[in-house]
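Q: I'd like to ask some things about the structure below.
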Amino acid sequence: MDYQHILYEVNDRIATITLNRPDRMNAWTAIMERDVRHAMEAAAGDDHVRVIVLTGAGRAFCAGADMEGLKGLDPDEVRRAERTPPFDMDRRPDWQTRYAYYPSIPKPVIGMLNGATAGIGLVHALYCDLRFAADNTVFTTAFARRGLIAEHGISWMLPRIVGHANALDLLMSARRVSSDEALRIGLVNRLYPPDQLREQTYAYARDLADLVSPSAISVIKRQLYDVPFQTLAEATIDANREMQIALRGSDFREGVASFMEKRPPRFTGR
């Protein structure tokens, strides 16, 4: 596909999706929405991809929605946009909405937050499985200061990452949050100096791509995103069922063999 507002590349079994409007601090557009969705689908379906990294070009990850587009936004467009085709028909409806499809991607998605992360940019960062940020990154929900509400499921996802009280603070005040505070409250997993962010993020991504079973990580990711909708008994029954499948898989045999033979694993994802 000829992408207009992103860049897409695959190297070393890592797909990189780069929001590419650096002159506008990667402000979100309808075209970017389409491009990112298509690229995520391409990466999810590519057997040569085991990890996905989402980042931004220039000095920002995503500074929020393009304000020019917001000026003439039709309120009914929100309802129309929710009629998005499912990302994966076999996953929960909760993970099939306009932006909440990241948990349906059977591969780890790492948000490499290289700068300002605000509004819809923060929504996308939250839907990533992991968030690694530059230590000069600033975060804000932004919505309340634009007369808007907590949109696109952020009212559900944010409390599960930072806790209820912190989510209320960040959403109601829409204040700026430093990277140090973001790390302290669990908004991000790791901080790095800007000149080390890329190197450290890709080192982690390569570790996942080279040393982790793709079949195991896909099931683990599904388990964790299904847990909020399950009882402990249901989660345990699900785990027992998946364990029986895993024990019959070639990745399990390879994991044991590589450990016994003291060599790197050669997982196939089966």
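We label chains A, B, ... in the order they appear in the structure tokens, count residues from 1 in each chain, and number ligands from 1 in the order shown.
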Determine, counting only C-alpha atoms, which protein, DNA and RNA residues have an atom within 12 Å of an atom of Asp46 (chain A); residues of the same chain fewer than 3 positions away are not included. Present the result as a list in words.
A: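 Contacts, with the query itself left out: Glu9, Val10, Arg13, Ile14, Ala15, Ala39, Met40, Glu41, Ala42, Ala43, Val49, Arg50, Val51, Ile52, Ile105, Pro106 and Lys107 of chain A.
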Q: Could you dump the residues just selected with N, CA and C atoms as a PDB file, in the first residue's frame?
A:
ATOM      1  N   GLU A   9       8.306  -0.370   7.605  1.00  0.00           N
ATOM      2  CA  GLU A   9       9.443  -1.194   7.181  1.00  0.00           C
ATOM      3  C   GLU A   9       9.567  -2.398   8.096  1.00  0.00           C
ATOM      4  N   VAL A  10      10.183  -3.451   7.566  1.00  0.00           N
ATOM      5  CA  VAL A  10      10.415  -4.675   8.326  1.00  0.00           C
ATOM      6  C   VAL A  10      11.886  -5.034   8.237  1.00  0.00           C
ATOM      7  N   ARG A  13      12.861  -9.198  11.614  1.00  0.00           N
ATOM      8  CA  ARG A  13      11.590  -9.700  12.139  1.00  0.00           C
ATOM      9  C   ARG A  13      10.877  -8.682  13.026  1.00  0.00           C
ATOM     10  N   ILE A  14      11.242  -7.407  12.871  1.00  0.00           N
ATOM     11  CA  ILE A  14      10.588  -6.316  13.599  1.00  0.00           C
ATOM     12  C   ILE A  14       9.972  -5.363  12.578  1.00  0.00           C
ATOM     13  N   ALA A  15       8.668  -5.146  12.668  1.00  0.00           N
ATOM     14  CA  ALA A  15       7.992  -4.170  11.816  1.00  0.00           C
ATOM     15  C   ALA A  15       7.957  -2.832  12.541  1.00  0.00           C
ATOM     16  N   ALA A  39      -1.291  -0.969   8.204  1.00  0.00           N
ATOM     17  CA  ALA A  39       0.055  -1.447   8.525  1.00  0.00           C
ATOM     18  C   ALA A  39       0.023  -2.467   9.658  1.00  0.00           C
ATOM     19  N   MET A  40      -0.824  -2.236  10.660  1.00  0.00           N
ATOM     20  CA  MET A  40      -0.954  -3.202  11.747  1.00  0.00           C
ATOM     21  C   MET A  40      -1.483  -4.532  11.220  1.00  0.00           C
ATOM     22  N   GLU A  41      -2.450  -4.479  10.308  1.00  0.00           N
ATOM     23  CA  GLU A  41      -2.975  -5.706   9.722  1.00  0.00           C
ATOM     24  C   GLU A  41      -1.892  -6.423   8.919  1.00  0.00           C
ATOM     25  N   ALA A  42      -1.094  -5.653   8.185  1.00  0.00           N
ATOM     26  CA  ALA A  42      -0.019  -6.254   7.393  1.00  0.00           C
ATOM     27  C   ALA A  42       1.007  -6.928   8.293  1.00  0.00           C
ATOM     28  N   ALA A  43       1.393  -6.263   9.367  1.00  0.00           N
ATOM     29  CA  ALA A  43       2.380  -6.827  10.287  1.00  0.00           C
ATOM     30  C   ALA A  43       1.833  -8.056  11.000  1.00  0.00           C
ATOM     31  N   VAL A  49       7.283 -11.254  10.599  1.00  0.00           N
ATOM     32  CA  VAL A  49       7.245 -10.237  11.652  1.00  0.00           C
ATOM     33  C   VAL A  49       6.885 -10.895  12.976  1.00  0.00           C
ATOM     34  N   ARG A  50       7.671 -10.603  14.011  1.00  0.00           N
ATOM     35  CA  ARG A  50       7.371 -11.135  15.338  1.00  0.00           C
ATOM     36  C   ARG A  50       7.113 -10.043  16.368  1.00  0.00           C
ATOM     37  N   VAL A  51       7.555  -8.822  16.084  1.00  0.00           N
ATOM     38  CA  VAL A  51       7.359  -7.701  17.000  1.00  0.00           C
ATOM     39  C   VAL A  51       7.024  -6.470  16.171  1.00  0.00           C
ATOM     40  N   ILE A  52       6.183  -5.602  16.714  1.00  0.00           N
ATOM     41  CA  ILE A  52       5.814  -4.354  16.048  1.00  0.00           C
ATOM     42  C   ILE A  52       6.218  -3.181  16.933  1.00  0.00           C
ATOM     43  N   ILE A 105      -4.083  -7.925  18.001  1.00  0.00           N
ATOM     44  CA  ILE A 105      -2.881  -8.220  17.223  1.00  0.00           C
ATOM     45  C   ILE A 105      -2.111  -9.321  17.954  1.00  0.00           C
ATOM     46  N   PRO A 106      -1.837 -10.454  17.325  1.00  0.00           N
ATOM     47  CA  PRO A 106      -1.238 -11.595  18.026  1.00  0.00           C
ATOM     48  C   PRO A 106       0.270 -11.470  18.242  1.00  0.00           C
ATOM     49  N   LYS A 107       0.770 -10.263  18.197  1.00  0.00           N
ATOM     50  CA  LYS A 107       2.203 -10.013  18.353  1.00  0.00           C
ATOM     51  C   LYS A 107       2.396  -8.824  19.288  1.00  0.00           C
TER      52      LYS A 107
END
Q: Set the distance at 10 Å and use only C-alpha atoms: which residues neighbour Ala65 (chain A) once local chain neighbours fewer than 5 positions away are removed? I'd like the list as a list in words.
A: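 Contacts, with the query itself left out: Asn26, Ala27, Trp28, Thr29, Ala30, Leu70, Ala118, Gly119, Ile120 and Gly121 of chain A.
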Q: Once you have the residues from the selection above, write them out as a PDB file, in the first residue's frame, restricted to N, CA, C and O atoms.
A:
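Writing done, so here's again25.pdb:
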ATOM      1  N   ASN A  26       3.302  15.081  14.069  1.00  0.00           N
ATOM      2  CA  ASN A  26       2.561  13.839  13.813  1.00  0.00           C
ATOM      3  C   ASN A  26       1.112  13.917  14.282  1.00  0.00           C
ATOM      4  O   ASN A  26       0.550  12.931  14.777  1.00  0.00           O
ATOM      5  N   ALA A  27       0.526  15.094  14.113  1.00  0.00           N
ATOM      6  CA  ALA A  27      -0.890  15.261  14.466  1.00  0.00           C
ATOM      7  C   ALA A  27      -1.741  14.247  13.708  1.00  0.00           C
ATOM      8  O   ALA A  27      -1.528  13.994  12.516  1.00  0.00           O
ATOM      9  N   TRP A  28      -2.698  13.670  14.411  1.00  0.00           N
ATOM     10  CA  TRP A  28      -3.486  12.550  13.900  1.00  0.00           C
ATOM     11  C   TRP A  28      -4.504  13.008  12.867  1.00  0.00           C
ATOM     12  O   TRP A  28      -5.160  14.029  13.035  1.00  0.00           O
ATOM     13  N   THR A  29      -4.631  12.245  11.790  1.00  0.00           N
ATOM     14  CA  THR A  29      -5.587  12.533  10.723  1.00  0.00           C
ATOM     15  C   THR A  29      -6.337  11.260  10.356  1.00  0.00           C
ATOM     16  O   THR A  29      -5.947  10.153  10.728  1.00  0.00           O
ATOM     17  N   ALA A  30      -7.405  11.423   9.584  1.00  0.00           N
ATOM     18  CA  ALA A  30      -8.149  10.265   9.098  1.00  0.00           C
ATOM     19  C   ALA A  30      -7.276   9.399   8.198  1.00  0.00           C
ATOM     20  O   ALA A  30      -7.389   8.162   8.195  1.00  0.00           O
ATOM     21  N   LEU A  70     -10.309  19.017  13.343  1.00  0.00           N
ATOM     22  CA  LEU A  70     -11.316  19.089  14.408  1.00  0.00           C
ATOM     23  C   LEU A  70     -12.290  20.244  14.206  1.00  0.00           C
ATOM     24  O   LEU A  70     -13.439  20.174  14.633  1.00  0.00           O
ATOM     25  N   ALA A 118       0.107  13.131  23.273  1.00  0.00           N
ATOM     26  CA  ALA A 118      -1.055  13.854  23.789  1.00  0.00           C
ATOM     27  C   ALA A 118      -2.336  13.402  23.096  1.00  0.00           C
ATOM     28  O   ALA A 118      -2.314  12.968  21.936  1.00  0.00           O
ATOM     29  N   GLY A 119      -3.454  13.526  23.808  1.00  0.00           N
ATOM     30  CA  GLY A 119      -4.757  13.280  23.218  1.00  0.00           C
ATOM     31  C   GLY A 119      -4.853  11.918  22.562  1.00  0.00           C
ATOM     32  O   GLY A 119      -4.597  10.881  23.169  1.00  0.00           O
ATOM     33  N   ILE A 120      -5.222  11.904  21.292  1.00  0.00           N
ATOM     34  CA  ILE A 120      -5.356  10.649  20.557  1.00  0.00           C
ATOM     35  C   ILE A 120      -4.012   9.925  20.465  1.00  0.00           C
ATOM     36  O   ILE A 120      -3.960   8.689  20.375  1.00  0.00           O
ATOM     37  N   GLY A 121      -2.914  10.687  20.533  1.00  0.00           N
ATOM     38  CA  GLY A 121      -1.592  10.056  20.566  1.00  0.00           C
ATOM     39  C   GLY A 121      -1.416   9.231  21.825  1.00  0.00           C
ATOM     40  O   GLY A 121      -0.856   8.124  21.796  1.00  0.00           O
TER      41      GLY A 121
END
Q: Run DSSP on the backbone and tell me which residues of region 92-268 of chain A come out as alpha helix (DSSP H); list them as an MDAnalysis selection string.
A: chainID A and resid 120:127 154:162 164:173 179:184 194:211 214:226 232:247 250:260
Q: Which residue, A:Gly58, A:Phe132, A:Arg91, A:Leu158, has the smallest gap to Glu199 (chain A) when you use only C-alpha atoms?
A: A:Phe132
Q: May I ask which of the residues A:Phe61, A:Phe259, A:Tyr101, A:Tyr225 is the closest one to Ala133 (chain A), counting only C-alpha atoms?
A: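 So, comparing all the options, the nearest one is A:Phe61.
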